[in-house]
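> One structure follows; several queries about it will come next.
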Amino acid sequence: KLPPEVTIVEVGPRDGLQNERTPISAESKIGFVNRLAAAGLRRIEAVSFVSPKWVPQMADGAAVMAGVDRPPGVRYMALVPNLKGLEGAVSAKVHEVAVFASASETFSQRNINCTIAESIERFRPACAAAASAGLPVRGYISCALGCPFEGAVPPAAVGRVAEALLAVGCAEICVADTVGAGTPLRAAAALRAAAAAGVPLLRLAAHFHDTYGQALANILTALQMGVTTVDAAAAGLGGCPYAPGATGNVATEDVVYLLEGCGVRTGVDLERLLDASDYICGALGGGRLPAAGAARALL
Ligand code: HMG
Ligand code: MG
């Protein structure tokens with residue numbers, strides 16, 4: 001059984017672009033975000049406020065947020081690793097923020113230079129400041145289905161991080177397959193572990209990279225379990241600079257095609273979404289085509 005309606009969180013402007021080597025202008029990022037909003041996406045992770053030394057591509061988050069259209073009903077999100085990032089997000093007038101922890105110690109060190117426990121302690125003041133500013137916080141759990149350095153990650157580790165993120169005030173928990181190697185049974189086990197740690201299904205989100213082509217199957221499994229929020233990136237862009245071997249997020253085009261084809265409402269206009277993908281692929285240059293079956297079939 002599938003839910004009648006699903007919220008797609010579009011992460012293309014953040015996860016999708018953060019790993020691109022060629023500099024992309026703020027103007028192109030703004031054009032991309034505006035087209036995504038015009039396509040009907042209602043939650044867009046547009047920027048991150050992280051160290052520009054660690055992720056240079058995301059250094060212009062303030063300029064991007066200053067330039068985007070703000071149509072009614074569209075909520076912009078920023079990824080933040082600490083209080084400094086949260087302050088940047090508040091100044092940029094986003095509607096939501098996301099902190100990011102890992103279920104694997106090695107990935108935590110490589111990505112944010114601290115242990116899992118230290119990351120939770122950094123999120124605590126950031127979440128408190130977000131609450132004062134009236135911003136809901138999403139908490140990602142990276143490496144929930146496997147780690148590029150440690151391999152298998154036990155569901156119990158996902159449960160422990162979910163509990164810790166809830167305790168510091170996250171309103172939504174996003175189970176992330178950073179590597180994109182997970183299969184439906186592992187996805188279900190990780191989501192079940194987060195739910196068992198106390199996350200209501202309606203506050204769980206699924207974020208699947210598509211390295212091994214498993215993301216749509218994993219999404220279908222999540223929806224059958226009662227999850228109603230899924231992440232995707234237009235054109236299948238994406239990847240984390242600190243996750244070697246991982247490729248892009250599941251393509252938003254493919255998710256929309258799957259869901260609408262199953263009678264699940266997304267509110268997204270596929271034609272307009274293709275326009276957004278086409279626009280950003282053009283800005284990336286090099287004859288880039290969307291990494292999305294539905295986009296290639298329909299273009
Ligand atoms: P650090 O070097 O340990 O931190 O980095 P620090 O506190 O010593 O600060 C070092 C410098 O960064 C200082 O500047 C700080 O001011 C500055 P300096 O004195 O050297 O000039 N700094 C900042 N600047 C701007 N914004 C900030 C900020 N914080 C410190 N918020 C840190 C620790 C966490 C900052 C660093 O490791 C970092 O920024 N990491 C981010 C890595 C990242 O963005 N990865 C990609 C996103 S995660 C992802 O893609 C996974 C996800 O999609 C889910 C999934 O698929 O798994 C979410
Ligand atoms: Mg990701």
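Please note that chains go A, B, ... in the order of the structure tokens, that every chain numbers its residues from 1, and that ligands are numbered from 1 in the order shown.
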With a distance cut-off of 9 Å and only C-alpha atoms, select the neighbouring residues of segment 160-168 of chain A, excluding the residue or stretch itself and same-chain residues fewer than 4 positions from it, and output the selection as a PyMOL selection string.

chain A and resi 99+101-103+116-117+120-121+123-125+127-128+138-141+155-156+172-175+193-195+197-199

> For ligand 2, collect every residue having any atom at a distance of at most 12 Å from a ligand atom (counting only C-alpha atoms and all ligand atoms); output as a ChimeraX atom specification.

/A:9-19,45,79,98,100-102,111,140-144,174-180,206-211,230-233,236-243,246-250

> I need the residues in segment 10-87 of chain A that are strand (DSSP E or B) according to DSSP; give them as a PDB file with N, CA and C atoms, in the first residue's frame.


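And here is the file that came out, states.pdb:
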```
ATOM      1  N   GLU A  10      13.711  18.484  -2.531  1.00  0.00           N
ATOM      2  CA  GLU A  10      14.670  18.622  -3.634  1.00  0.00           C
ATOM      3  C   GLU A  10      16.017  19.077  -3.069  1.00  0.00           C
ATOM      4  N   ARG A  43       9.772  21.961  -0.930  1.00  0.00           N
ATOM      5  CA  ARG A  43      10.860  22.003   0.060  1.00  0.00           C
ATOM      6  C   ARG A  43      12.139  21.836  -0.741  1.00  0.00           C
ATOM      7  N   ILE A  44      12.984  22.846  -0.695  1.00  0.00           N
ATOM      8  CA  ILE A  44      14.197  22.837  -1.521  1.00  0.00           C
ATOM      9  C   ILE A  44      15.402  23.112  -0.621  1.00  0.00           C
ATOM     10  N   GLU A  45      16.336  22.132  -0.562  1.00  0.00           N
ATOM     11  CA  GLU A  45      17.581  22.370   0.179  1.00  0.00           C
ATOM     12  C   GLU A  45      18.494  23.129  -0.778  1.00  0.00           C
ATOM     13  N   ALA A  46      18.542  24.435  -0.585  1.00  0.00           N
ATOM     14  CA  ALA A  46      19.137  25.313  -1.592  1.00  0.00           C
ATOM     15  C   ALA A  46      20.622  25.552  -1.381  1.00  0.00           C
ATOM     16  N   VAL A  47      21.073  25.512  -0.143  1.00  0.00           N
ATOM     17  CA  VAL A  47      22.450  25.937   0.180  1.00  0.00           C
ATOM     18  C   VAL A  47      22.966  25.162   1.389  1.00  0.00           C
ATOM     19  N   SER A  48      24.292  25.277   1.620  1.00  0.00           N
ATOM     20  CA  SER A  48      24.806  24.865   2.927  1.00  0.00           C
ATOM     21  C   SER A  48      25.691  25.978   3.456  1.00  0.00           C
ATOM     22  N   ARG A  75       9.426  26.322   0.793  1.00  0.00           N
ATOM     23  CA  ARG A  75      10.292  26.401   1.974  1.00  0.00           C
ATOM     24  C   ARG A  75      11.718  26.074   1.566  1.00  0.00           C
ATOM     25  N   TYR A  76      12.633  26.981   1.882  1.00  0.00           N
ATOM     26  CA  TYR A  76      14.040  26.773   1.565  1.00  0.00           C
ATOM     27  C   TYR A  76      14.777  26.257   2.802  1.00  0.00           C
ATOM     28  N   MET A  77      15.664  25.308   2.553  1.00  0.00           N
ATOM     29  CA  MET A  77      16.426  24.700   3.643  1.00  0.00           C
ATOM     30  C   MET A  77      17.913  24.942   3.439  1.00  0.00           C
ATOM     31  N   ALA A  78      18.645  25.000   4.560  1.00  0.00           N
ATOM     32  CA  ALA A  78      20.113  25.095   4.513  1.00  0.00           C
ATOM     33  C   ALA A  78      20.703  24.013   5.394  1.00  0.00           C
ATOM     34  N   LEU A  79      21.777  23.414   4.895  1.00  0.00           N
ATOM     35  CA  LEU A  79      22.513  22.408   5.669  1.00  0.00           C
ATOM     36  C   LEU A  79      23.542  23.145   6.532  1.00  0.00           C
TER      37      LEU A  79
END
```

> So, with only C-alpha atoms and all ligand atoms as the atoms that count, which of A:Asp254, A:Glu5, A:Glu20, A:Glu87 lies closest to ligand 1?

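Residue with the minimum atom-to-atom distance to ligand 1: A:Glu87.
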
> Check which residues of segment 107-195 of chain A sit at most 12 Å from segment 51-62 of chain A using only C-alpha atoms, and return one row each with the closest pair of atoms and their distance in Å to one decimal, ordered by chain and rising number, as JSON lines.


```
{"residue": "A:Arg110", "atom": "CA", "partner": "A:Trp54", "partner_atom": "CA", "distance": 10.5}
{"residue": "A:Asn111", "atom": "CA", "partner": "A:Trp54", "partner_atom": "CA", "distance": 8.7}
{"residue": "A:Ile112", "atom": "CA", "partner": "A:Trp54", "partner_atom": "CA", "distance": 8.9}
{"residue": "A:Asn113", "atom": "CA", "partner": "A:Trp54", "partner_atom": "CA", "distance": 10.2}
```

> Between A:Cys170, A:Ile280, A:Thr266, A:Ala130, which has the minimum distance to Asn34 of chain A (counting only C-alpha atoms)?

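Among the listed residues, the smallest separation from Asn34 of chain A belongs to A:Ile280.
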
> Using only C-alpha atoms and all ligand atoms, can you tell me which of A:Gly263, A:Gly88, A:Gly134, A:Pro290 comes closest to ligand 1?

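Selected residue with least distance to ligand 1: A:Gly88.
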
> From the list A:Val153, A:Val80, A:Cys147, A:Ala235, which residue is nearest Ala126 of chain A when using only C-alpha atoms?

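Of the candidates, the smallest distance to Ala126 of chain A is held by A:Val80.
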
> Among segment 120-263 of chain A, which residues carry a DSSP assignment of helix (DSSP H, G or I), reported as a PyMOL selection string?

chain A and resi 120-132+155-167+184-196+201-203+215-224+234-236+252-261

> Any chance you can output those residues with C-alpha atoms as a PDB file, in the first residue's frame?


```
ATOM      1  CA  ILE A 120      25.732  15.803  18.558  1.00  0.00           C
ATOM      2  CA  GLU A 121      27.224  18.230  21.109  1.00  0.00           C
ATOM      3  CA  ARG A 122      27.809  20.769  18.298  1.00  0.00           C
ATOM      4  CA  PHE A 123      24.226  20.354  17.106  1.00  0.00           C
ATOM      5  CA  ARG A 124      22.779  21.022  20.557  1.00  0.00           C
ATOM      6  CA  PRO A 125      23.425  24.819  20.589  1.00  0.00           C
ATOM      7  CA  ALA A 126      22.658  25.030  16.865  1.00  0.00           C
ATOM      8  CA  CYS A 127      19.276  23.352  17.410  1.00  0.00           C
ATOM      9  CA  ALA A 128      18.538  25.597  20.392  1.00  0.00           C
ATOM     10  CA  ALA A 129      19.318  28.686  18.309  1.00  0.00           C
ATOM     11  CA  ALA A 130      17.174  27.329  15.466  1.00  0.00           C
ATOM     12  CA  ALA A 131      14.279  26.871  17.887  1.00  0.00           C
ATOM     13  CA  SER A 132      14.693  30.478  19.094  1.00  0.00           C
ATOM     14  CA  PRO A 155      20.881  -0.777  12.077  1.00  0.00           C
ATOM     15  CA  ALA A 156      21.451  -0.382  15.838  1.00  0.00           C
ATOM     16  CA  ALA A 157      23.947   2.409  15.047  1.00  0.00           C
ATOM     17  CA  VAL A 158      21.239   4.163  13.029  1.00  0.00           C
ATOM     18  CA  GLY A 159      18.843   3.832  15.959  1.00  0.00           C
ATOM     19  CA  ARG A 160      21.346   5.337  18.415  1.00  0.00           C
ATOM     20  CA  VAL A 161      21.978   8.372  16.201  1.00  0.00           C
ATOM     21  CA  ALA A 162      18.249   8.838  15.561  1.00  0.00           C
ATOM     22  CA  GLU A 163      17.629   8.902  19.297  1.00  0.00           C
ATOM     23  CA  ALA A 164      20.422  11.427  19.861  1.00  0.00           C
ATOM     24  CA  LEU A 165      19.179  13.697  17.058  1.00  0.00           C
ATOM     25  CA  LEU A 166      15.636  13.621  18.453  1.00  0.00           C
ATOM     26  CA  ALA A 167      16.990  14.449  21.903  1.00  0.00           C
ATOM     27  CA  PRO A 184      15.516  -2.614  -0.001  1.00  0.00           C
ATOM     28  CA  LEU A 185      16.013  -4.994   2.939  1.00  0.00           C
ATOM     29  CA  ARG A 186      18.821  -2.833   4.331  1.00  0.00           C
ATOM     30  CA  ALA A 187      16.813   0.322   3.724  1.00  0.00           C
ATOM     31  CA  ALA A 188      13.874  -1.193   5.606  1.00  0.00           C
ATOM     32  CA  ALA A 189      16.113  -2.289   8.493  1.00  0.00           C
ATOM     33  CA  ALA A 190      17.623   1.200   8.851  1.00  0.00           C
ATOM     34  CA  LEU A 191      14.219   2.899   8.709  1.00  0.00           C
ATOM     35  CA  ARG A 192      12.785   0.405  11.210  1.00  0.00           C
ATOM     36  CA  ALA A 193      15.702   1.104  13.557  1.00  0.00           C
ATOM     37  CA  ALA A 194      15.025   4.856  13.389  1.00  0.00           C
ATOM     38  CA  ALA A 195      11.304   4.281  13.967  1.00  0.00           C
ATOM     39  CA  ALA A 196      12.038   1.973  16.911  1.00  0.00           C
ATOM     40  CA  LEU A 201       6.919   7.515  10.490  1.00  0.00           C
ATOM     41  CA  LEU A 202       5.555  10.898   9.431  1.00  0.00           C
ATOM     42  CA  ARG A 203       8.745  12.524  10.726  1.00  0.00           C
ATOM     43  CA  ALA A 215      17.316   4.034  -5.031  1.00  0.00           C
ATOM     44  CA  LEU A 216      13.851   3.701  -6.606  1.00  0.00           C
ATOM     45  CA  ALA A 217      13.420   0.223  -5.142  1.00  0.00           C
ATOM     46  CA  ASN A 218      14.528   1.554  -1.758  1.00  0.00           C
ATOM     47  CA  ILE A 219      12.079   4.454  -2.015  1.00  0.00           C
ATOM     48  CA  LEU A 220       9.185   2.156  -2.827  1.00  0.00           C
ATOM     49  CA  THR A 221      10.069   0.080   0.225  1.00  0.00           C
ATOM     50  CA  ALA A 222      10.170   3.199   2.427  1.00  0.00           C
ATOM     51  CA  LEU A 223       6.762   4.334   1.159  1.00  0.00           C
ATOM     52  CA  GLN A 224       5.253   0.899   1.753  1.00  0.00           C
ATOM     53  CA  ALA A 234      17.018  17.032 -10.333  1.00  0.00           C
ATOM     54  CA  ALA A 235      19.109  15.458 -13.103  1.00  0.00           C
ATOM     55  CA  GLY A 236      20.404  12.900 -10.588  1.00  0.00           C
ATOM     56  CA  THR A 252      13.787  13.809  -9.075  1.00  0.00           C
ATOM     57  CA  GLU A 253      12.465  13.115 -12.588  1.00  0.00           C
ATOM     58  CA  ASP A 254      12.571   9.365 -11.941  1.00  0.00           C
ATOM     59  CA  VAL A 255      10.924   9.715  -8.525  1.00  0.00           C
ATOM     60  CA  VAL A 256       8.119  11.865  -9.963  1.00  0.00           C
ATOM     61  CA  TYR A 257       7.611   9.416 -12.833  1.00  0.00           C
ATOM     62  CA  LEU A 258       7.502   6.474 -10.417  1.00  0.00           C
ATOM     63  CA  LEU A 259       5.144   8.109  -7.941  1.00  0.00           C
ATOM     64  CA  GLU A 260       2.728   9.700 -10.390  1.00  0.00           C
ATOM     65  CA  GLY A 261       2.726   6.401 -12.286  1.00  0.00           C
TER      66      GLY A 261
END
```

> Considering only C-alpha atoms, can you say which of A:Pro200, A:Gly282, A:Pro81, A:Pro154 comes closest to Phe32 of chain A?

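Closest candidate: A:Gly282.
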
> From the options A:Leu86, A:Ala283, A:Leu270, A:Ala251, which residue's atoms come nearest to Ile24 of chain A, counting only C-alpha atoms?

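Counting only C-alpha atoms, the residue closest to Ile24 of chain A is A:Ala283.
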